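data.csv (CSV, C-alpha atoms) appears below.
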```csv
chain,number,residue,atom,x,y,z
A,1,MET,CA,59.8,92.7,104.2
A,2,ALA,CA,61.1,90.4,107.0
A,3,THR,CA,62.5,87.1,105.8
A,4,ALA,CA,60.0,85.2,108.0
A,5,ASP,CA,57.3,86.8,105.8
A,6,ARG,CA,59.2,86.2,102.5
A,7,ILE,CA,59.5,82.5,102.9
A,8,GLN,CA,55.7,82.2,103.4
A,9,ASP,CA,55.1,83.5,99.9
A,10,PRO,CA,54.8,81.3,96.8
A,11,GLY,CA,58.0,80.5,94.8
A,12,TRP,CA,61.5,80.2,95.9
A,13,TRP,CA,63.3,82.2,98.5
A,14,PRO,CA,66.6,81.4,100.2
A,15,THR,CA,66.3,79.4,103.5
A,16,LYS,CA,62.7,78.3,102.5
A,17,GLY,CA,63.2,74.6,103.0
A,18,THR,CA,59.9,73.3,101.7
A,19,PRO,CA,60.9,71.6,98.4
A,20,ALA,CA,61.7,67.8,98.4
A,21,ARG,CA,65.3,66.7,98.1
A,22,SER,CA,64.3,64.9,94.9
A,23,GLU,CA,63.6,68.3,93.3
A,24,TYR,CA,67.3,69.2,93.6
A,25,ALA,CA,69.6,68.5,90.6
A,26,GLY,CA,73.0,69.2,92.2
A,27,THR,CA,75.9,71.4,91.0
A,28,PHE,CA,77.0,68.9,88.4
A,29,ALA,CA,73.8,69.4,86.5
A,30,CYS,CA,74.2,73.1,86.6
A,31,ASN,CA,77.7,72.7,85.2
A,32,GLU,CA,76.3,71.2,81.9
A,33,CYS,CA,75.2,74.7,80.7
A,34,HIS,CA,76.8,77.1,83.2
A,35,ALA,CA,80.4,75.8,83.5
A,36,SER,CA,82.0,79.2,83.6
A,37,HIS,CA,79.8,80.3,86.5
A,38,VAL,CA,80.2,77.0,88.4
A,39,ALA,CA,84.0,77.0,88.0
A,40,VAL,CA,84.3,80.5,89.6
A,41,GLN,CA,81.5,80.3,92.1
A,42,THR,CA,82.9,77.2,93.8
A,43,THR,CA,86.0,79.3,94.7
A,44,THR,CA,84.0,82.0,96.5
A,45,SER,CA,83.7,82.4,100.3
A,46,MET,CA,79.9,81.7,100.0
A,47,ALA,CA,80.6,78.3,98.5
A,48,ARG,CA,83.0,77.5,101.4
A,49,THR,CA,81.1,79.0,104.2
A,50,LEU,CA,80.4,75.6,105.7
A,51,THR,CA,82.6,72.5,105.6
A,52,ALA,CA,83.0,69.3,107.5
A,53,ALA,CA,85.6,69.9,110.2
A,54,ALA,CA,87.6,67.0,108.8
A,55,THR,CA,88.1,68.9,105.5
A,56,SER,CA,88.5,72.4,106.8
A,57,GLU,CA,91.4,74.1,105.1
A,58,THR,CA,91.8,76.4,108.1
A,59,LEU,CA,92.2,73.5,110.6
A,60,ARG,CA,94.4,71.5,108.2
A,61,ALA,CA,96.8,74.5,108.0
A,62,HIS,CA,97.2,74.4,111.8
A,63,SER,CA,98.0,71.0,113.3
A,64,ARG,CA,97.5,72.4,116.8
A,65,LEU,CA,95.8,75.5,118.1
A,66,SER,CA,95.4,76.4,121.7
A,67,THR,CA,94.4,79.3,124.0
A,68,THR,CA,93.5,80.0,127.6
A,69,ALA,CA,90.4,81.7,128.8
A,70,GLY,CA,90.0,82.1,132.6
A,71,ARG,CA,91.0,78.9,134.2
A,72,TYR,CA,90.4,76.7,131.2
A,73,THR,CA,92.7,75.7,128.4
A,74,PHE,CA,91.3,75.0,124.9
A,75,ALA,CA,93.0,73.1,122.2
A,76,ILE,CA,92.2,71.7,118.7
A,77,ALA,CA,94.5,69.0,117.3
A,78,THR,CA,94.2,68.2,113.6
A,79,THR,CA,95.3,65.0,111.9
A,80,ALA,CA,94.6,63.6,108.5
A,81,GLU,CA,91.5,62.0,109.8
A,82,ARG,CA,89.9,64.4,112.2
A,83,SER,CA,90.1,67.5,114.4
A,84,THR,CA,89.8,66.9,118.1
A,85,TYR,CA,88.6,69.5,120.5
A,86,ASP,CA,90.0,69.4,124.1
A,87,VAL,CA,89.2,71.4,127.2
A,88,THR,CA,90.9,71.2,130.6
A,89,ASP,CA,91.1,73.1,133.8
A,90,GLY,CA,94.3,71.3,134.9
A,91,THR,CA,92.4,68.7,136.8
A,92,ASP,CA,89.5,67.5,134.6
A,93,ALA,CA,89.5,67.2,130.9
A,94,VAL,CA,86.9,66.5,128.2
A,95,SER,CA,87.2,66.1,124.4
A,96,ALA,CA,85.2,65.5,121.3
A,97,PRO,CA,85.8,65.4,117.5
A,98,LEU,CA,84.7,68.6,115.8
A,99,LYS,CA,82.0,67.9,113.2
A,100,TRP,CA,81.3,71.2,111.4
A,101,ALA,CA,83.4,74.3,110.6
A,102,PHE,CA,81.3,77.5,109.9
A,103,GLY,CA,82.9,80.3,107.9
A,104,ALA,CA,85.3,80.3,104.9
A,105,GLY,CA,88.2,81.3,107.1
A,106,LYS,CA,88.7,84.9,105.6
A,107,VAL,CA,87.5,86.2,109.0
A,108,GLY,CA,87.6,83.0,110.9
A,109,GLN,CA,85.7,79.8,111.7
A,110,SER,CA,83.4,78.6,114.5
A,111,PHE,CA,82.9,75.0,115.2
A,112,LEU,CA,80.1,72.6,116.1
A,113,PHE,CA,80.5,69.2,117.8
A,114,GLU,CA,78.2,66.5,119.2
A,115,ARG,CA,78.4,65.2,122.7
A,116,ASN,CA,76.0,62.8,124.3
A,117,GLY,CA,73.7,63.2,121.3
A,118,VAL,CA,73.5,67.0,121.7
A,119,VAL,CA,74.9,69.6,119.2
A,120,ARG,CA,77.1,72.2,120.8
A,121,GLU,CA,79.0,75.3,119.7
A,122,ALA,CA,82.7,75.3,120.7
A,123,ARG,CA,83.5,78.1,123.2
A,124,VAL,CA,86.5,79.1,121.1
A,125,SER,CA,86.8,80.0,117.4
A,126,TYR,CA,89.6,80.6,115.0
A,127,TYR,CA,90.3,84.2,113.9
A,128,GLU,CA,92.4,84.9,110.8
A,129,GLY,CA,93.2,88.4,112.0
A,130,ALA,CA,94.8,87.0,115.1
A,131,GLY,CA,96.0,83.7,113.5
A,132,ALA,CA,94.8,82.0,116.7
A,133,LEU,CA,91.9,80.8,118.8
A,134,ASP,CA,89.9,83.1,120.9
A,135,VAL,CA,86.5,83.1,122.6
A,136,THR,CA,83.6,82.7,120.2
A,137,PRO,CA,81.6,85.9,119.7
A,138,GLY,CA,79.0,86.5,122.3
A,139,ARG,CA,80.5,84.0,124.8
A,140,ALA,CA,83.1,86.3,126.5
A,141,GLY,CA,80.6,87.0,129.3
A,142,ASP,CA,79.9,83.4,130.1
A,143,SER,CA,81.0,82.0,133.4
A,144,PRO,CA,81.3,78.2,133.0
A,145,ARG,CA,81.5,76.3,136.3
A,146,THR,CA,82.8,73.0,134.9
A,147,VAL,CA,84.9,71.8,131.9
A,148,THR,CA,81.8,70.5,130.3
A,149,GLU,CA,80.1,73.9,130.5
A,150,ALA,CA,83.4,75.5,129.3
A,151,MET,CA,83.5,73.2,126.3
A,152,GLY,CA,80.5,74.9,124.6
A,153,ARG,CA,76.9,75.8,124.7
A,154,VAL,CA,73.9,73.8,123.4
A,155,VAL,CA,72.6,75.0,120.1
A,156,GLY,CA,68.8,74.7,119.9
A,157,GLY,CA,66.9,73.3,117.0
A,158,ALA,CA,65.6,76.6,115.6
A,159,GLU,CA,69.0,78.2,115.8
A,160,LEU,CA,70.7,75.2,114.3
A,161,ARG,CA,68.3,75.3,111.4
A,162,ARG,CA,69.0,79.0,110.8
A,163,CYS,CA,72.7,78.4,110.8
A,164,PHE,CA,72.6,75.6,108.3
A,165,GLY,CA,70.0,77.4,106.2
A,166,CYS,CA,72.5,80.2,105.5
A,167,HIS,CA,75.6,78.2,105.4
A,168,SER,CA,74.6,75.1,103.3
A,169,THR,CA,72.3,74.1,100.5
A,170,ALA,CA,69.2,72.0,101.0
A,171,SER,CA,69.6,71.4,104.8
A,172,ALA,CA,65.8,71.5,105.1
A,173,VAL,CA,63.5,69.6,102.8
A,174,ARG,CA,59.7,69.4,103.0
A,175,GLY,CA,60.1,71.3,106.3
A,176,SER,CA,62.3,68.6,107.8
A,177,PHE,CA,65.8,69.5,108.9
A,178,GLU,CA,68.4,67.1,107.5
A,179,PRO,CA,71.9,68.7,107.9
A,180,ASP,CA,73.8,65.5,107.3
A,181,ALA,CA,72.3,65.2,103.9
A,182,ALA,CA,72.9,68.9,103.0
A,183,LEU,CA,75.5,70.2,100.5
A,184,PRO,CA,78.0,72.2,102.6
A,185,GLY,CA,78.3,75.8,101.5
A,186,ILE,CA,76.1,78.0,99.2
A,187,ALA,CA,75.8,76.3,95.9
A,188,CYS,CA,73.7,77.2,92.8
A,189,GLU,CA,70.4,75.9,94.1
A,190,ALA,CA,70.7,77.8,97.4
A,191,CYS,CA,69.9,81.0,95.5
A,192,HIS,CA,68.2,79.8,92.3
A,193,GLY,CA,66.1,77.1,93.9
A,194,PRO,CA,65.8,73.4,93.2
A,195,GLY,CA,66.9,72.8,89.6
A,196,LEU,CA,65.8,69.3,88.5
A,197,ARG,CA,62.8,70.5,86.5
A,198,HIS,CA,64.8,73.3,85.0
A,199,ALA,CA,67.7,71.1,84.0
A,200,ALA,CA,65.4,68.4,82.5
A,201,ALA,CA,63.4,71.0,80.4
A,202,MET,CA,66.5,72.7,79.1
A,203,ARG,CA,68.0,69.4,78.0
A,204,GLU,CA,64.9,68.8,76.0
A,205,ARG,CA,65.0,72.4,74.6
A,206,ARG,CA,61.7,73.3,76.3
A,207,ILE,CA,63.2,76.7,76.9
A,208,VAL,CA,60.1,78.6,78.2
A,209,GLU,CA,59.2,75.9,80.6
A,210,GLY,CA,62.8,75.6,81.8
A,211,GLN,CA,63.1,79.3,82.4
A,212,GLY,CA,59.9,79.2,84.4
A,213,ALA,CA,61.2,76.4,86.6
A,214,ILE,CA,64.1,78.3,88.1
A,215,LEU,CA,64.6,81.7,89.8
A,216,ASN,CA,66.9,84.3,88.3
A,217,PRO,CA,67.5,86.7,91.2
A,218,ALA,CA,68.9,89.3,88.8
A,219,ARG,CA,65.4,89.9,87.5
A,220,LEU,CA,64.0,90.9,90.9
A,221,GLU,CA,62.8,94.4,91.6
A,222,PRO,CA,65.5,96.4,93.4
A,223,ALA,CA,63.9,96.3,96.9
A,224,ASP,CA,63.2,92.6,96.5
A,225,SER,CA,66.8,92.1,95.3
A,226,VAL,CA,68.2,93.6,98.5
A,227,ASP,CA,65.8,91.5,100.6
A,228,PHE,CA,66.9,88.4,98.7
A,229,CYS,CA,70.5,88.9,99.9
A,230,GLY,CA,69.0,89.8,103.3
A,231,ALA,CA,67.6,86.4,103.7
A,232,CYS,CA,71.0,85.5,105.2
A,233,HIS,CA,72.5,88.9,105.7
A,234,ALA,CA,69.4,90.3,107.5
A,235,THR,CA,66.9,92.6,105.8
A,236,PHE,CA,66.0,96.0,107.1
A,237,TRP,CA,62.9,94.6,108.8
A,238,ASP,CA,64.8,91.6,110.2
A,239,VAL,CA,67.1,94.0,112.0
A,240,LYS,CA,64.2,96.3,113.1
A,241,LEU,CA,62.1,93.5,114.4
A,242,ALA,CA,65.0,91.9,116.3
A,243,GLY,CA,65.8,95.3,117.9
A,244,GLU,CA,69.4,95.0,117.0
A,245,LYS,CA,71.7,98.0,117.6
A,246,GLY,CA,75.3,99.0,117.3
A,247,ILE,CA,77.7,96.5,115.7
A,248,ALA,CA,75.0,93.8,115.3
A,249,ALA,CA,73.0,96.3,113.1
A,250,MET,CA,76.1,97.6,111.3
A,251,ARG,CA,77.0,94.1,110.2
A,252,SER,CA,73.7,93.8,108.2
A,253,GLN,CA,74.7,95.2,104.9
A,254,PRO,CA,71.1,95.3,103.6
A,255,TYR,CA,69.9,97.2,106.6
A,256,ARG,CA,72.7,99.8,106.4
A,257,LEU,CA,72.3,100.1,102.6
A,258,LEU,CA,68.5,100.8,102.9
A,259,SER,CA,69.3,103.3,105.7
A,260,SER,CA,71.4,105.4,103.3
A,261,LYS,CA,70.1,108.7,102.1
A,262,CYS,CA,70.8,107.7,98.4
A,263,TRP,CA,68.6,104.6,98.7
A,264,SER,CA,65.4,105.2,96.7
A,265,GLY,CA,64.0,101.7,96.5
A,266,GLY,CA,63.8,101.6,92.7
A,267,ASP,CA,67.4,102.2,91.5
A,268,ARG,CA,69.1,99.0,90.3
A,269,ARG,CA,72.5,100.8,90.6
A,270,ILE,CA,72.4,100.6,94.4
A,271,THR,CA,71.4,97.0,95.0
A,272,CYS,CA,73.8,94.5,96.5
A,273,ILE,CA,74.5,92.9,93.1
A,274,ALA,CA,75.3,96.3,91.5
A,275,CYS,CA,78.6,96.1,93.4
A,276,HIS,CA,79.0,92.4,94.2
A,277,ASN,CA,78.9,89.6,91.7
A,278,PRO,CA,77.7,86.5,93.7
A,279,HIS,CA,79.3,84.2,91.2
A,280,ARG,CA,82.8,85.7,91.8
A,281,PRO,CA,85.0,86.1,94.9
A,282,LEU,CA,84.6,89.4,96.8
A,283,ALA,CA,86.7,92.2,95.4
A,284,ARG,CA,88.8,93.5,98.3
A,285,ASP,CA,90.6,96.3,96.5
A,286,ALA,CA,88.7,99.5,97.6
A,287,ALA,CA,89.5,101.3,94.3
A,288,SER,CA,87.7,98.5,92.3
A,289,TYR,CA,84.4,100.0,93.5
A,290,ASP,CA,85.0,103.5,92.2
A,291,THR,CA,83.4,102.8,88.8
A,292,ARG,CA,80.2,101.8,90.6
A,293,CYS,CA,80.1,104.9,92.7
A,294,LEU,CA,80.8,107.2,89.7
A,295,ALA,CA,78.1,105.4,87.6
A,296,CYS,CA,75.6,107.2,89.8
A,297,HIS,CA,77.4,110.4,90.8
A,298,ALA,CA,79.1,111.3,87.6
A,299,ALA,CA,76.0,110.6,85.5
A,300,SER,CA,73.8,112.7,87.7
A,301,GLY,CA,76.2,115.6,87.7
A,302,ALA,CA,76.6,115.4,91.5
A,303,VAL,CA,80.3,115.2,91.1
A,304,PRO,CA,82.7,115.6,88.2
A,305,ALA,CA,83.6,112.5,86.2
A,306,SER,CA,87.3,112.9,87.3
A,307,LYS,CA,87.9,111.1,90.5
A,308,ALA,CA,90.6,113.6,91.4
A,309,ALA,CA,88.3,116.5,91.0
A,310,ALA,CA,85.5,114.7,92.8
A,311,CYS,CA,87.5,114.0,96.0
A,312,LYS,CA,88.6,116.8,98.2
A,313,VAL,CA,91.2,114.7,99.9
A,314,GLY,CA,92.8,113.4,96.8
A,315,SER,CA,91.9,109.8,97.2
A,316,ALA,CA,90.5,107.6,94.4
A,317,GLU,CA,89.0,105.1,96.8
A,318,CYS,CA,85.4,106.3,97.4
A,319,VAL,CA,84.4,103.6,99.8
A,320,THR,CA,87.3,104.3,102.1
A,321,CYS,CA,85.7,107.5,103.2
A,322,HIS,CA,82.1,107.0,102.4
A,323,MET,CA,81.8,103.4,103.7
A,324,PRO,CA,84.4,103.2,106.4
A,325,LYS,CA,85.5,100.0,108.2
A,326,TYR,CA,84.9,99.4,111.9
A,327,GLU,CA,87.0,97.1,113.9
A,328,VAL,CA,85.1,94.5,115.9
A,329,GLY,CA,87.5,93.6,118.6
A,330,GLU,CA,86.0,90.2,119.6
A,331,MET,CA,86.3,89.1,116.0
A,332,HIS,CA,89.7,90.5,115.2
A,333,HIS,CA,88.4,92.0,112.0
A,334,ALA,CA,87.3,95.3,110.5
A,335,PHE,CA,83.9,95.2,108.8
A,336,THR,CA,82.8,97.6,106.1
A,337,ASP,CA,79.8,99.8,107.0
A,338,HIS,CA,77.3,99.8,104.1
A,339,LEU,CA,75.7,103.0,105.3
A,340,ILE,CA,76.7,105.3,102.4
A,341,ARG,CA,77.3,108.8,103.7
A,342,VAL,CA,79.6,111.7,104.2
A,343,VAL,CA,81.3,110.8,107.5
A,344,ARG,CA,81.5,113.8,109.7
```

Output the file's structure in the form of structure tokens.
Amino acid sequence: MATADRIQDPGWWPTKGTPARSEYAGTFACNECHASHVAVQTTTSMARTLTAAATSETLRAHSRLSTTAGRYTFAIATTAERSTYDVTDGTDAVSAPLKWAFGAGKVGQSFLFERNGVVREARVSYYEGAGALDVTPGRAGDSPRTVTEAMGRVVGGAELRRCFGCHSTASAVRGSFEPDAALPGIACEACHGPGLRHAAAMRERRIVEGQGAILNPARLEPADSVDFCGACHATFWDVKLAGEKGIAAMRSQPYRLLSSKCWSGGDRRITCIACHNPHRPLARDAASYDTRCLACHAASGAVPASKAAACKVGSAECVTCHMPKYEVGEMHHAFTDHLIRVVR
């Protein structure tokens, strides 16, 4: 299903935004019973996918960043108190303090700021692959006429809500968008739903009631499980309805996974969480996924259990060949294609 349809259904779904803020318990309450999960999850990229610019580790690691695009020079200067964004064409200059940093920094970070009461996206972003600023994705074709236009584009309300919905926890409550009150990053309740009733019931040992007051995504049916992650990573139908092609479609892992020939719709061994534990940092060693691949292929007899015998090119890293990476030049990063296949 498309995410727009999912969030209309009863019960919790990521980015839904209808519960009241008073229904949220906060991560501290989750820690009472799930300390081991909380301790590790807070170190993940998902937990750090949005920060206040003043606390951005990426910006703090670079006291000054600058680049030139066309006739404009862009710079971000960071002190202990703030990060200030400056744009000049050599004659005129404008500046503003950055307010939000989107992205954990593994690929890069993009920035939002407010000027004259309007939220704007900075025209430059930081890219870890380049170790520098460059034009924000999708903005290379812009032709700003003034330094104010060059500074960044206005971000509309619907887009802003979508951005915060996938990069923060409880940015929308009772349908009202309240980003300044949100918890930056994806915390427990962004996926499991508001936890106040659950926490209260479990403290009083009302186990059945407590379990019914929270969502455990691990219990979803396989197709629903992939759509659940797709609420932020784009479901198959999100991509289809948006008419996305090429790199934009490739970057939707759920869309590419469901486009794979081995996707059957009812096999838990091929959902997102079969390979990725959302409570732990992403495994970046390609060989670490071999056991997941062989769990299906060796068991079915499709390939021998021995990785050496299974692979004609003598590699033990299945995903290297069957889920290749594609370089996205404007982002200075290679993204894994989740379309599982024999690449010809």

*For atom CA of Ala150 of chain A and atom CA of Arg71 of chain A, quote the distance in Å rounded to one decimal.*
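Between atom CA of Ala150 of chain A and atom CA of Arg71 of chain A the gap works out to 9.7 Å.
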
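With distances taken over all atoms listed in the file, A:Met331 is the one residue among A:Ala242, A:Ile7, A:Cys293, A:Met331 lying closest to Leu133 of chain A.
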
_Between A:Lys99, A:His192, A:Arg64, A:His338, which residue has the minimum interatomic distance to Pro254 of chain A, considering all atoms listed in the file?_
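Using all atoms listed in the file, Pro254 of chain A sits closest to A:His338.
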
*For Thr15 of chain A, which of A:Arg161, A:Arg219, A:Arg341, A:Lys261 is the closest residue, counting only C-alpha atoms?*
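For Thr15 of chain A, the nearest of the candidates is A:Arg161.
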
*Go ahead and compute the interatomic distance for atom CA of Ala234 of chain A and atom CA of Cys272 of chain A, in Å to one decimal.*
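The value is 12.6 Å.
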
*For each of A:Cys30, A:Ala75, A:Val226, A:Leu98, take the minimum atom-to-atom distance to Ala53 of chain A, counting all atoms listed in the file, then give the residue where this is smallest.*
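Using all atoms listed in the file, the shortest distance to Ala53 of chain A belongs to A:Leu98.
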
*Do you know which residues are at most 10 Å from Ile273 of chain A counting all atoms listed in the file, after dropping those on the same chain fewer than 2 positions away, and could you put them as a PyMOL selection string?*
chain A and resi 217-218+222+225-226+229+268-271+275-278

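From atom CA of Val147 of chain A back to atom CA of Ala93 of chain A, the distance works out to 6.6 Å.
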
*Which residues come within 10 Å of Pro19 of chain A, counting all atoms listed in the file, excluding same-chain residues fewer than 6 positions away, as JSON, numbers by chain?*
{"A": [12, 170, 172, 173, 174, 175, 176, 193, 194]}
